[in-house]
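Asker: Following this line is structure-v5.txt, made up of compact mmCIF, C-alpha atoms:
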```txt
# COMPACT_ATOMS: atom_id res chain seq x y z
CA MET A 1 -85.24 -20.39 -3.44
CA GLU A 2 -82.04 -18.46 -3.93
CA ASN A 3 -83.99 -15.60 -5.51
CA LEU A 4 -86.36 -15.53 -2.52
CA ARG A 5 -83.41 -15.35 -0.12
CA LYS A 6 -81.79 -12.52 -2.10
CA LYS A 7 -85.01 -10.52 -2.37
CA THR A 8 -85.73 -10.94 1.35
CA PHE A 9 -82.19 -9.92 2.29
CA PHE A 10 -82.11 -6.82 0.08
CA THR A 11 -85.59 -5.76 1.24
CA ILE A 12 -84.59 -5.95 4.92
CA PHE A 13 -81.18 -4.37 4.25
CA ILE A 14 -82.68 -1.44 2.31
CA ILE A 15 -85.43 -0.80 4.88
CA ILE A 16 -83.00 -0.74 7.84
CA SER A 17 -80.48 1.33 5.86
CA LEU A 18 -83.13 3.87 4.90
CA PHE A 19 -84.20 4.11 8.54
CA ALA A 20 -80.57 4.75 9.60
CA ILE A 21 -80.10 7.34 6.85
CA PHE A 22 -83.38 9.02 7.77
CA PHE A 23 -82.30 9.22 11.42
CA ALA A 24 -78.94 10.77 10.40
CA ILE A 25 -80.67 13.29 8.14
CA PHE A 26 -83.23 14.11 10.84
CA PHE A 27 -80.46 14.68 13.41
CA ASN A 28 -78.49 16.99 11.09
CA VAL A 29 -81.60 18.89 10.00
CA GLN A 30 -82.64 19.41 13.61
CA THR A 31 -79.14 20.61 14.54
CA TYR A 32 -79.08 22.95 11.55
CA HIS A 33 -82.53 24.32 12.38
CA ARG A 34 -81.57 24.88 16.01
CA GLU A 35 -78.42 26.80 15.02
CA TYR A 36 -80.31 28.83 12.41
CA ILE A 37 -83.02 29.85 14.88
CA GLY A 38 -80.37 30.68 17.49
CA ILE A 39 -78.57 33.01 15.07
CA LEU A 40 -81.82 34.63 13.94
CA ASN A 41 -82.97 35.16 17.55
CA ASN A 42 -79.67 36.77 18.50
CA LEU A 43 -79.77 39.12 15.53
CA THR A 44 -83.34 40.09 16.42
CA ARG A 45 -82.52 40.63 20.12
CA MET A 46 -79.56 42.83 19.27
CA LYS A 47 -81.85 44.87 17.03
CA ASN A 48 -84.38 45.34 19.86
CA LEU A 49 -81.67 46.28 22.32
CA THR A 50 -80.03 48.71 19.89
CA LEU A 51 -83.31 50.42 19.07
CA GLY A 52 -84.35 50.51 22.74
CA LYS A 53 -86.98 47.78 22.43
CA PRO A 54 -85.76 45.05 24.80
CA SER A 55 -87.62 41.80 25.11
CA PHE A 56 -87.40 42.19 28.89
CA PRO A 57 -87.66 45.90 29.83
CA ASP A 58 -85.37 47.04 32.59
CA LYS A 59 -85.90 50.58 33.91
CA GLU A 60 -82.55 50.72 35.68
CA PHE A 61 -80.54 50.81 32.41
CA ASN A 62 -80.90 52.87 29.28
CA SER A 63 -80.67 51.16 25.85
CA ASP A 64 -76.94 51.81 25.52
CA ASP A 65 -76.17 50.22 28.91
CA ARG A 66 -78.44 47.32 28.14
CA LEU A 67 -76.67 46.73 24.80
CA ARG A 68 -73.18 46.89 26.27
CA ASN A 69 -74.03 44.51 29.09
CA ARG A 70 -75.68 42.00 26.83
CA LYS A 71 -73.55 38.83 26.75
CA VAL A 72 -74.04 35.96 24.28
CA MET A 73 -72.55 32.65 25.34
CA ASP A 74 -73.17 30.45 22.28
CA TYR A 75 -72.03 32.81 19.51
CA GLU A 76 -69.46 35.53 18.89
CA VAL A 77 -71.70 38.59 18.37
CA TYR A 78 -70.51 42.12 17.60
CA THR A 79 -72.52 45.34 17.27
CA PHE A 80 -71.35 48.46 15.42
CA ILE A 81 -73.19 51.75 16.05
CA LEU A 82 -73.46 53.89 12.92
CA ASP A 83 -74.11 57.58 12.27
CA GLU A 84 -76.36 58.93 9.51
CA ASN A 85 -73.57 58.48 6.95
CA ASN A 86 -73.00 54.84 7.98
CA ASN A 87 -69.72 55.65 9.67
CA ILE A 88 -68.81 53.45 12.64
CA VAL A 89 -69.00 55.56 15.79
CA ASP A 90 -68.93 52.76 18.35
CA LYS A 91 -68.28 49.00 18.49
CA ILE A 92 -69.36 46.47 21.08
CA SER A 93 -68.35 42.83 21.63
CA HIS A 94 -71.05 40.67 23.24
CA SER A 95 -68.61 37.92 24.17
CA ASP A 96 -65.30 37.70 25.94
CA ASN A 97 -63.43 38.10 22.65
CA SER A 98 -62.16 41.46 21.52
CA ILE A 99 -63.09 42.77 18.09
CA SER A 100 -60.43 41.52 15.70
CA LYS A 101 -59.15 43.16 12.56
CA LYS A 102 -60.88 40.50 10.51
CA ILE A 103 -64.26 41.46 12.01
CA MET A 104 -63.61 45.13 11.34
CA ILE A 105 -62.81 44.43 7.68
CA GLN A 106 -65.94 42.33 7.36
CA ALA A 107 -68.06 45.11 8.93
CA ARG A 108 -66.75 47.72 6.48
CA ASN A 109 -67.36 45.38 3.53
CA ILE A 110 -70.96 44.81 4.60
CA ILE A 111 -71.60 48.55 5.01
CA GLU A 112 -70.06 49.37 1.63
CA LYS A 113 -71.87 46.64 -0.33
CA ASN A 114 -75.37 47.02 1.12
CA ASN A 115 -77.70 49.78 -0.01
CA THR A 116 -80.70 48.58 1.96
CA SER A 117 -81.34 47.37 5.48
CA ASN A 118 -81.63 43.58 5.75
CA ILE A 119 -80.87 40.42 7.71
CA LYS A 120 -78.49 37.97 6.00
CA ILE A 121 -77.86 34.49 7.36
CA GLY A 122 -77.43 32.25 4.32
CA PHE A 123 -76.45 28.59 4.18
CA LEU A 124 -74.76 27.77 7.49
CA TYR A 125 -72.48 25.10 6.05
CA LEU A 126 -70.80 27.66 3.77
CA ARG A 127 -71.24 31.07 5.41
CA ASN A 128 -68.60 32.68 7.64
CA TYR A 129 -70.81 35.49 8.97
CA ALA A 130 -74.45 36.38 9.52
CA TYR A 131 -75.50 39.98 10.05
CA ASN A 132 -78.35 42.43 10.59
CA PHE A 133 -77.76 45.79 8.91
CA GLU A 134 -79.85 48.91 9.57
CA GLN A 135 -78.67 51.92 7.55
CA GLY A 136 -77.60 54.89 9.64
CA LYS A 137 -78.23 53.02 12.90
CA TYR A 138 -76.30 49.83 13.57
CA LEU A 139 -74.71 46.63 12.19
CA THR A 140 -74.75 43.35 14.14
CA ILE A 141 -72.38 40.57 13.02
CA ILE A 142 -72.28 36.96 14.20
CA ASP A 143 -69.07 35.06 13.53
CA MET A 144 -70.21 31.58 12.40
CA ASP A 145 -66.82 29.80 12.24
CA ASN A 146 -67.62 27.66 15.27
CA THR A 147 -71.18 27.01 14.11
CA ARG A 148 -70.05 25.94 10.63
CA SER A 149 -67.34 23.75 12.12
CA THR A 150 -69.82 22.05 14.47
CA LEU A 151 -72.34 21.39 11.69
CA LEU A 152 -69.70 19.99 9.33
CA THR A 153 -68.28 17.80 12.11
CA ASN A 154 -71.75 16.41 12.85
CA LEU A 155 -72.29 15.76 9.15
CA ILE A 156 -68.95 13.94 8.78
CA TYR A 157 -69.50 11.85 11.91
CA SER A 158 -73.00 10.94 10.72
CA PHE A 159 -71.58 9.80 7.38
CA ILE A 160 -68.87 7.72 9.09
CA LEU A 161 -71.40 6.15 11.47
CA ILE A 162 -73.67 5.25 8.56
CA ILE A 163 -70.79 3.52 6.76
CA ILE A 164 -69.82 1.59 9.91
CA GLY A 165 -73.47 0.92 10.64
CA GLU A 166 -73.96 -0.61 7.18
CA LEU A 167 -71.68 -3.48 8.24
CA PHE A 168 -73.85 -4.20 11.27
CA ILE A 169 -76.99 -3.76 9.18
CA PHE A 170 -75.59 -6.29 6.69
CA ILE A 171 -75.02 -8.84 9.46
CA ILE A 172 -78.43 -8.18 11.04
CA SER A 173 -80.18 -8.42 7.66
CA LYS A 174 -78.46 -11.71 6.94
CA LYS A 175 -79.54 -13.16 10.30
CA ILE A 176 -83.14 -11.98 9.88
CA THR A 177 -83.20 -13.37 6.32
CA GLU A 178 -82.03 -16.76 7.55
CA TRP A 179 -84.68 -16.70 10.27
CA ILE A 180 -87.49 -15.73 7.86
CA THR A 181 -86.55 -18.08 5.02
CA LYS A 182 -85.70 -21.09 7.19
CA PRO A 183 -89.30 -22.48 7.23
CA VAL A 184 -89.60 -21.91 3.47
CA LEU A 185 -86.24 -23.59 2.86
CA GLU A 186 -87.23 -26.57 4.98
CA SER A 187 -90.55 -26.84 3.15
CA PHE A 188 -88.78 -26.58 -0.21
CA SER A 189 -86.28 -29.27 0.82
CA ARG A 190 -89.10 -31.58 1.94
CA GLU A 191 -90.84 -30.99 -1.38
CA LYS A 192 -87.70 -31.91 -3.34
CA GLU A 193 -87.20 -35.00 -1.20
CA PHE A 194 -90.83 -35.99 -1.71
CA VAL A 195 -90.56 -35.63 -5.50
CA ALA A 196 -87.36 -37.70 -5.56
CA ASN A 197 -88.66 -40.38 -3.20
CA ALA A 198 -92.08 -40.61 -4.84
CA SER A 199 -90.50 -40.88 -8.28
CA HIS A 200 -88.25 -43.70 -7.12
CA GLU A 201 -91.14 -45.51 -5.42
CA LEU A 202 -93.34 -45.22 -8.52
CA LYS A 203 -90.61 -46.41 -10.87
CA THR A 204 -90.69 -50.06 -9.79
CA PRO A 205 -94.49 -50.68 -9.77
CA LEU A 206 -94.79 -48.85 -13.08
CA ALA A 207 -92.12 -51.06 -14.61
CA VAL A 208 -94.04 -54.13 -13.40
CA MET A 209 -97.26 -52.77 -14.90
CA MET A 210 -95.60 -52.05 -18.25
CA ALA A 211 -94.06 -55.53 -18.34
CA SER A 212 -97.43 -57.08 -17.47
CA VAL A 213 -99.18 -55.15 -20.24
CA ASP A 214 -96.60 -56.40 -22.74
CA CYS A 215 -97.39 -59.97 -21.71
CA LEU A 216 -101.12 -59.66 -22.33
CA ASP A 217 -102.62 -61.37 -25.39
CA VAL A 218 -103.93 -58.82 -27.83
CA ASN A 219 -107.16 -59.46 -29.72
CA LYS A 220 -109.83 -57.38 -31.36
CA LYS A 221 -111.80 -57.01 -28.13
CA ASN A 222 -109.00 -55.78 -25.87
CA GLU A 223 -106.62 -54.16 -28.39
CA LYS A 224 -108.00 -50.65 -27.75
CA TRP A 225 -107.70 -50.94 -23.98
CA ILE A 226 -104.24 -52.49 -24.03
CA ASN A 227 -103.00 -49.77 -26.39
CA ASN A 228 -104.42 -47.15 -24.01
CA LEU A 229 -102.62 -48.80 -21.09
CA LYS A 230 -99.34 -48.84 -23.01
CA SER A 231 -99.72 -45.22 -24.07
CA GLU A 232 -100.51 -43.93 -20.60
CA SER A 233 -97.84 -46.12 -19.03
CA ASP A 234 -95.27 -44.63 -21.40
CA ARG A 235 -96.46 -41.14 -20.52
CA MET A 236 -96.25 -41.92 -16.82
CA ASN A 237 -92.77 -43.41 -17.27
CA ASN A 238 -91.62 -40.27 -19.13
CA LEU A 239 -93.04 -38.06 -16.39
CA ILE A 240 -91.31 -40.01 -13.63
CA THR A 241 -88.05 -39.89 -15.58
CA LYS A 242 -88.38 -36.11 -15.91
CA LEU A 243 -89.13 -35.75 -12.20
CA LEU A 244 -86.02 -37.76 -11.37
CA ASP A 245 -83.99 -35.58 -13.74
CA LEU A 246 -85.44 -32.49 -12.06
CA SER A 247 -84.48 -33.85 -8.64
CA LYS A 248 -80.94 -34.60 -9.82
CA SER A 249 -80.56 -31.11 -11.31
CA GLU A 250 -81.43 -29.56 -7.94
CA TYR A 251 -78.65 -31.43 -6.14
CA LEU A 252 -75.75 -30.72 -8.48
CA LYS A 253 -72.58 -29.92 -6.53
CA SER A 254 -69.41 -28.23 -7.74
CA GLU A 255 -67.42 -31.04 -6.11
CA ASN A 256 -68.55 -33.29 -8.96
CA PHE A 257 -67.43 -30.89 -11.68
CA SER A 258 -64.45 -31.57 -13.94
CA ASN A 259 -62.74 -29.74 -16.76
CA ASN A 260 -64.42 -30.53 -20.10
CA ASN A 261 -64.37 -29.32 -23.68
CA LEU A 262 -67.72 -27.59 -23.91
CA SER A 263 -67.37 -27.18 -27.68
CA THR A 264 -67.23 -30.96 -28.12
CA ILE A 265 -70.20 -31.52 -25.80
CA VAL A 266 -72.36 -29.13 -27.82
CA GLU A 267 -71.23 -30.45 -31.20
CA LYS A 268 -71.89 -34.10 -30.32
CA ARG A 269 -75.25 -33.42 -28.77
CA VAL A 270 -76.45 -31.31 -31.72
CA LEU A 271 -75.58 -34.13 -34.14
CA THR A 272 -78.04 -36.49 -32.42
CA PHE A 273 -80.90 -34.14 -33.32
CA GLU A 274 -80.20 -34.04 -37.06
CA SER A 275 -82.73 -36.77 -37.83
CA LEU A 276 -85.44 -35.18 -35.67
CA ALA A 277 -84.89 -31.84 -37.39
CA TYR A 278 -84.96 -33.55 -40.80
CA GLU A 279 -88.47 -34.87 -40.12
CA LYS A 280 -89.73 -31.27 -39.86
CA ASN A 281 -87.52 -30.13 -42.72
CA ILE A 282 -85.60 -27.92 -40.29
CA THR A 283 -82.00 -27.01 -40.96
CA ILE A 284 -79.57 -26.82 -38.05
CA GLU A 285 -76.83 -24.24 -38.48
CA THR A 286 -73.98 -24.16 -35.96
CA ASN A 287 -71.34 -21.59 -35.14
CA ILE A 288 -69.29 -23.18 -32.37
CA LEU A 289 -65.97 -21.80 -31.25
CA GLU A 290 -63.46 -24.59 -30.79
CA LYS A 291 -61.71 -25.68 -27.60
CA ILE A 292 -63.78 -23.84 -25.01
CA ASN A 293 -62.80 -25.48 -21.73
CA PHE A 294 -65.22 -25.28 -18.82
CA SER A 295 -65.37 -26.88 -15.37
CA CYS A 296 -68.78 -28.51 -15.29
CA HIS A 297 -70.85 -31.64 -14.75
CA LYS A 298 -70.57 -33.19 -18.21
CA GLU A 299 -73.80 -35.22 -18.17
CA SER A 300 -75.80 -32.20 -16.99
CA LEU A 301 -74.37 -29.89 -19.67
CA ASP A 302 -75.14 -32.58 -22.23
CA GLU A 303 -78.73 -32.65 -20.99
CA LEU A 304 -78.92 -28.83 -21.03
CA VAL A 305 -78.00 -28.72 -24.72
CA SER A 306 -80.47 -31.54 -25.45
CA ILE A 307 -83.32 -29.68 -23.75
CA LEU A 308 -82.65 -26.42 -25.59
CA VAL A 309 -82.19 -27.99 -29.02
CA ASP A 310 -85.19 -30.29 -28.60
CA ASN A 311 -87.29 -27.32 -27.48
CA ALA A 312 -86.16 -25.30 -30.52
CA ILE A 313 -87.08 -28.12 -32.94
CA SER A 314 -90.43 -28.83 -31.26
CA HIS A 315 -91.51 -25.17 -31.37
CA GLY A 316 -89.78 -24.27 -34.61
CA ARG A 317 -91.70 -23.86 -37.85
CA LYS A 318 -91.37 -26.35 -40.66
CA ASN A 319 -88.95 -25.45 -43.43
CA SER A 320 -87.13 -23.04 -41.08
CA LYS A 321 -83.62 -22.83 -39.65
CA ILE A 322 -82.23 -23.26 -36.14
CA LYS A 323 -79.01 -21.48 -35.18
CA ILE A 324 -76.80 -22.77 -32.39
CA GLU A 325 -73.95 -20.49 -31.34
CA LEU A 326 -71.24 -21.06 -28.77
CA SER A 327 -68.82 -18.21 -28.19
CA SER A 328 -66.40 -17.02 -25.56
CA ASN A 329 -64.86 -13.76 -24.44
CA LYS A 330 -62.52 -12.73 -21.66
CA ASN A 331 -65.03 -13.17 -18.84
CA GLU A 332 -67.82 -15.49 -19.97
CA ILE A 333 -69.05 -18.29 -22.22
CA ASN A 334 -72.19 -17.67 -24.24
CA LEU A 335 -74.51 -20.32 -25.67
CA LYS A 336 -77.44 -19.32 -27.90
CA VAL A 337 -80.16 -21.45 -29.46
CA ILE A 338 -82.31 -19.50 -31.93
CA ASN A 339 -85.37 -20.78 -33.79
CA LYS A 340 -88.10 -19.30 -35.93
CA GLY A 341 -91.59 -19.82 -34.53
CA ASP A 342 -94.34 -18.31 -32.47
CA PRO A 343 -92.85 -15.56 -30.27
CA ILE A 344 -92.87 -15.80 -26.49
CA PRO A 345 -94.78 -12.87 -24.90
CA ASP A 346 -92.60 -10.75 -22.62
CA VAL A 347 -94.77 -11.56 -19.58
CA GLU A 348 -94.04 -15.29 -20.06
CA CYS A 349 -90.29 -15.11 -20.63
CA GLU A 350 -89.68 -15.85 -16.93
CA LYS A 351 -92.66 -18.15 -16.39
CA ILE A 352 -91.54 -20.69 -18.99
CA PHE A 353 -88.74 -21.77 -16.62
CA GLU A 354 -91.22 -22.65 -13.85
CA ARG A 355 -92.12 -26.24 -13.11
CA PHE A 356 -95.06 -27.66 -15.10
CA TYR A 357 -95.59 -24.35 -16.89
CA ARG A 358 -97.02 -24.93 -20.35
CA ASN A 359 -98.11 -22.13 -22.62
CA ASP A 360 -99.85 -24.37 -25.12
CA LYS A 361 -101.27 -27.18 -22.97
CA SER A 362 -103.00 -29.05 -25.81
CA HIS A 363 -99.84 -29.10 -27.94
CA ASN A 364 -97.67 -30.21 -25.03
CA ARG A 365 -100.01 -33.02 -24.07
CA LYS A 366 -100.08 -34.39 -27.62
CA SER A 367 -96.30 -34.24 -27.83
CA GLY A 368 -95.86 -35.84 -24.39
CA ARG A 369 -94.40 -32.75 -22.72
CA TYR A 370 -94.89 -31.81 -19.06
CA GLY A 371 -93.33 -28.37 -18.68
CA LEU A 372 -90.29 -29.69 -16.81
CA GLY A 373 -87.55 -29.47 -19.44
CA LEU A 374 -86.81 -25.75 -19.15
CA SER A 375 -87.08 -25.96 -15.36
CA ILE A 376 -84.39 -28.66 -15.42
CA ALA A 377 -82.31 -26.51 -17.78
CA LYS A 378 -82.52 -23.56 -15.41
CA ASN A 379 -81.44 -25.69 -12.43
CA ILE A 380 -78.44 -26.96 -14.38
CA VAL A 381 -77.42 -23.41 -15.37
CA LEU A 382 -77.83 -22.07 -11.82
CA ALA A 383 -75.80 -24.97 -10.42
CA HIS A 384 -72.97 -23.80 -12.69
CA ASN A 385 -73.36 -20.18 -11.47
CA GLY A 386 -74.74 -19.17 -14.85
CA ASP A 387 -77.73 -17.28 -16.13
CA ILE A 388 -80.40 -18.32 -18.62
CA ARG A 389 -83.03 -16.18 -20.29
CA ALA A 390 -85.42 -16.27 -23.22
CA TYR A 391 -86.59 -13.45 -25.46
CA SER A 392 -88.35 -13.04 -28.79
CA LYS A 393 -87.79 -10.46 -31.49
CA ASP A 394 -89.77 -10.41 -34.72
CA GLU A 395 -90.37 -14.11 -35.46
CA TYR A 396 -87.22 -15.43 -33.78
CA THR A 397 -86.94 -16.78 -30.24
CA THR A 398 -83.57 -16.95 -28.50
CA PHE A 399 -82.57 -18.98 -25.48
CA GLU A 400 -79.33 -17.55 -24.14
CA VAL A 401 -77.11 -19.12 -21.51
CA LYS A 402 -74.15 -17.31 -19.96
CA PHE A 403 -71.47 -18.97 -17.85
CA LYS A 404 -68.70 -17.18 -16.01
CA LYS A 405 -65.30 -18.41 -17.07
CA ASN A 406 -63.48 -20.70 -14.63
CA GLU A 407 -60.09 -19.80 -13.20
CA HIS A 408 -57.48 -22.48 -13.92
```
Step by step, read the file and then write its structure as structure tokens.
Answerer:
Amino acid sequence: MENLRKKTFFTIFIIISLFAIFFAIFFNVQTYHREYIGILNNLTRMKNLTLGKPSFPDKEFNSDDRLRNRKVMDYEVYTFILDENNNIVDKISHSDNSISKKIMIQARNIIEKNNTSNIKIGFLYLRNYAYNFEQGKYLTIIDMDNTRSTLLTNLIYSFILIIIGELFIFIISKKITEWITKPVLESFSREKEFVANASHELKTPLAVMMASVDCLDVNKKNEKWINNLKSESDRMNNLITKLLDLSKSEYLKSENFSNNNLSTIVEKRVLTFESLAYEKNITIETNILEKINFSCHKESLDELVSILVDNAISHGRKNSKIKIELSSNKNEINLKVINKGDPIPDVECEKIFERFYRNDKSHNRKSGRYGLGLSIAKNIVLAHNGDIRAYSKDEYTTFEVKFKKNEH
């Protein structure tokens, strides 16, 4: 359920964030394009006016009058009339600003460095000037300081708004996630309650049935049927017990945790499986770091170790070895149970922790297994804010549990 909530939240958060980022990019691209076209149009118009090809012919003025009276409101535009040797013979400001020394230096640099006629605008975020140079005729320069400043300001404000907006997007995503997952959470809670209640209700009548079967007289005629009743009753009792354990593992609360020596819990629990391992001629090898303290629910951690060790023995090959390792570093506690047996395919490494999942159904039925053990183990680990995973390499399968260290 927690995974569903996280996936839903991140999906909504990413979608809304991408939409906000796309809008910011679209706004800045549109602004950039508008400024670029404005600069290009002004350079082109100045060219037409200089060469006597106005966009709007006016018979009352000659080209020189038309050029001098041309005012540009949005940009600082300057035109320099050149002779055949590219010497400046006249200069015109198309705004209210006079031609500064800086503009004159820039004009001379452009004339000296360019051997061919061309229009140069460049990247507006970095360029100081755009120009249109026609050898032996004219040079038009647009000062882009204001344009560059406006574009950079828009870009910075967009970035700041996105950062601030992410906070609101986070809150909105959380609210939407709660709204979407609420029916699923309620359904999941009802399912857990049903499993717990049904298991409790079945426990009593099953106990009566088992006691009644034990009281029956066994003879040659009914021995087969009574044995079948006992066998299936035992299976049903084991299943109900597992369902109750599963229900308990889903309701573990940190309020019930206490500080325990995890090393001792693992050592004691492993010892109880020595006889079971001996029956399959399996050797248990332990490497347990001493005095690892951990705030946990002792009975649940005891059950976790039991499930993993029992699973390793059940699926381990005869005459093989099982390794149980408990280690600790600065940030986490690591528990590993390694056995030699049939490898778990990569596609099933997550599925094996699902309820009632059984890879080998015939084997599990014969051994009285229901596919609940690893699901219980996962619930216990998650209740302790840990992580559990399984993986196989060569002929060895490893179940690895990681717990974050408690602060004391």
Asker: Quick one: everything within 9 Å of Asn319 in chain A, counting only C-alpha atoms, minus sequence neighbours fewer than 2 positions away in the same chain. Send it as a ChimeraX atom specification.
Answerer: /A:280-283,316-317,321
Asker: What is the CA of Lys378 in chain A to CA of Phe353 in chain A distance in Å?
Answerer: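 Interatomic distance, CA of Lys378 in chain A to CA of Phe353 in chain A: 6.6 Å.
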Asker: Please, what distance in Å, to one decimal, runs between CA of Leu43 in chain A and CA of Glu134 in chain A?
Answerer: 11.5 Å
Asker: Quick check, in Å to one decimal: how far apart do CA of Thr272 in chain A and CA of Ala312 in chain A lie?
Answerer: 14.0 Å
Asker: Given all atoms listed in the file as the basis, pick out the residue of A:Glu303, A:Ser233, A:Ile284, A:Tyr396 nearest to Val208 in chain A.
Answerer: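 With all atoms listed in the file as the atom set, the closest residue is A:Ser233.
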Asker: Pick out the residues sitting within 7 Å of range 147-153 of chain A, and hand them over as a PyMOL selection string; count only C-alpha atoms, and ignore anything fewer than 5 positions along from it in its own chain.
Answerer: chain A and resi 32+124-125
Asker: Please identify all polymer residues within 8 Å of range 160-172 of chain A, counting only C-alpha atoms, omitting same-chain residues fewer than 5 positions from it, and present them as a list in words.
Answerer: Phe13, Ile16, Ser17, Ala20, Ile21 and Ala24 of chain A
Asker: Pick out the closest residue to Val77 in chain A from this set: A:Thr44, A:Ser320, A:Thr241, A:Asn228. Count only C-alpha atoms.
Answerer: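 Distance minimum relative to Val77 in chain A lands on A:Thr44.
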Asker: Between A:Ser328, A:Ser392, A:Ser306, A:Asn311, which one has atoms that come closest to Lys291 in chain A, using only C-alpha atoms?
Answerer: A:Ser328
Asker: Can you tell me, as a PyMOL selection string, what residues are no more than 10 Å from Met104 in chain A when counting only C-alpha atoms, ignoring any on the same chain fewer than 3 positions away?
Answerer: chain A and resi 78+80+88+91+99-101+107-110
Asker: Nearest to Asn261 in chain A among A:Phe273, A:Phe27, A:Tyr278, A:Phe294, with distances taken over all atoms listed in the file: which residue is it?
Answerer: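 Between A:Phe273, A:Phe27, A:Tyr278, A:Phe294, the residue approaching Asn261 in chain A most closely is A:Phe294.
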Asker: Neighbouring residues of Ser117 in chain A were defined as those with any atom within 12 Å, considering only C-alpha atoms; residues of the same chain fewer than 6 positions away were excluded. Please report them as a PyMOL selection string.
Answerer: chain A and resi 47+86+110-111+131-140
Asker: Would you mind exporting C-alpha atoms of the selected residues as an mmCIF file, in the coordinates of the input?
Answerer:
```cif
data_model
loop_
_atom_site.group_PDB
_atom_site.id
_atom_site.type_symbol
_atom_site.label_atom_id
_atom_site.label_comp_id
_atom_site.auth_asym_id
_atom_site.auth_seq_id
_atom_site.Cartn_x
_atom_site.Cartn_y
_atom_site.Cartn_z
ATOM 1 C CA LYS A 47 -81.850 44.870 17.030
ATOM 2 C CA ASN A 86 -73.000 54.840 7.980
ATOM 3 C CA ILE A 110 -70.960 44.810 4.600
ATOM 4 C CA ILE A 111 -71.600 48.550 5.010
ATOM 5 C CA TYR A 131 -75.500 39.980 10.050
ATOM 6 C CA ASN A 132 -78.350 42.430 10.590
ATOM 7 C CA PHE A 133 -77.760 45.790 8.910
ATOM 8 C CA GLU A 134 -79.850 48.910 9.570
ATOM 9 C CA GLN A 135 -78.670 51.920 7.550
ATOM 10 C CA GLY A 136 -77.600 54.890 9.640
ATOM 11 C CA LYS A 137 -78.230 53.020 12.900
ATOM 12 C CA TYR A 138 -76.300 49.830 13.570
ATOM 13 C CA LEU A 139 -74.710 46.630 12.190
ATOM 14 C CA THR A 140 -74.750 43.350 14.140
#
```
Asker: Just checking: using all atoms listed in the file, which residue out of A:Ser95, A:Leu326, A:Glu232, A:Leu304 ends up closest to Ser375 in chain A?
Answerer: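 Using all atoms listed in the file, the shortest distance to Ser375 in chain A belongs to A:Leu304.
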Asker: So, counting all atoms listed in the file, which residue among A:Ile12, A:Met236, A:Ile307, A:Val213 is closest to Leu372 in chain A?
Answerer: A:Ile307
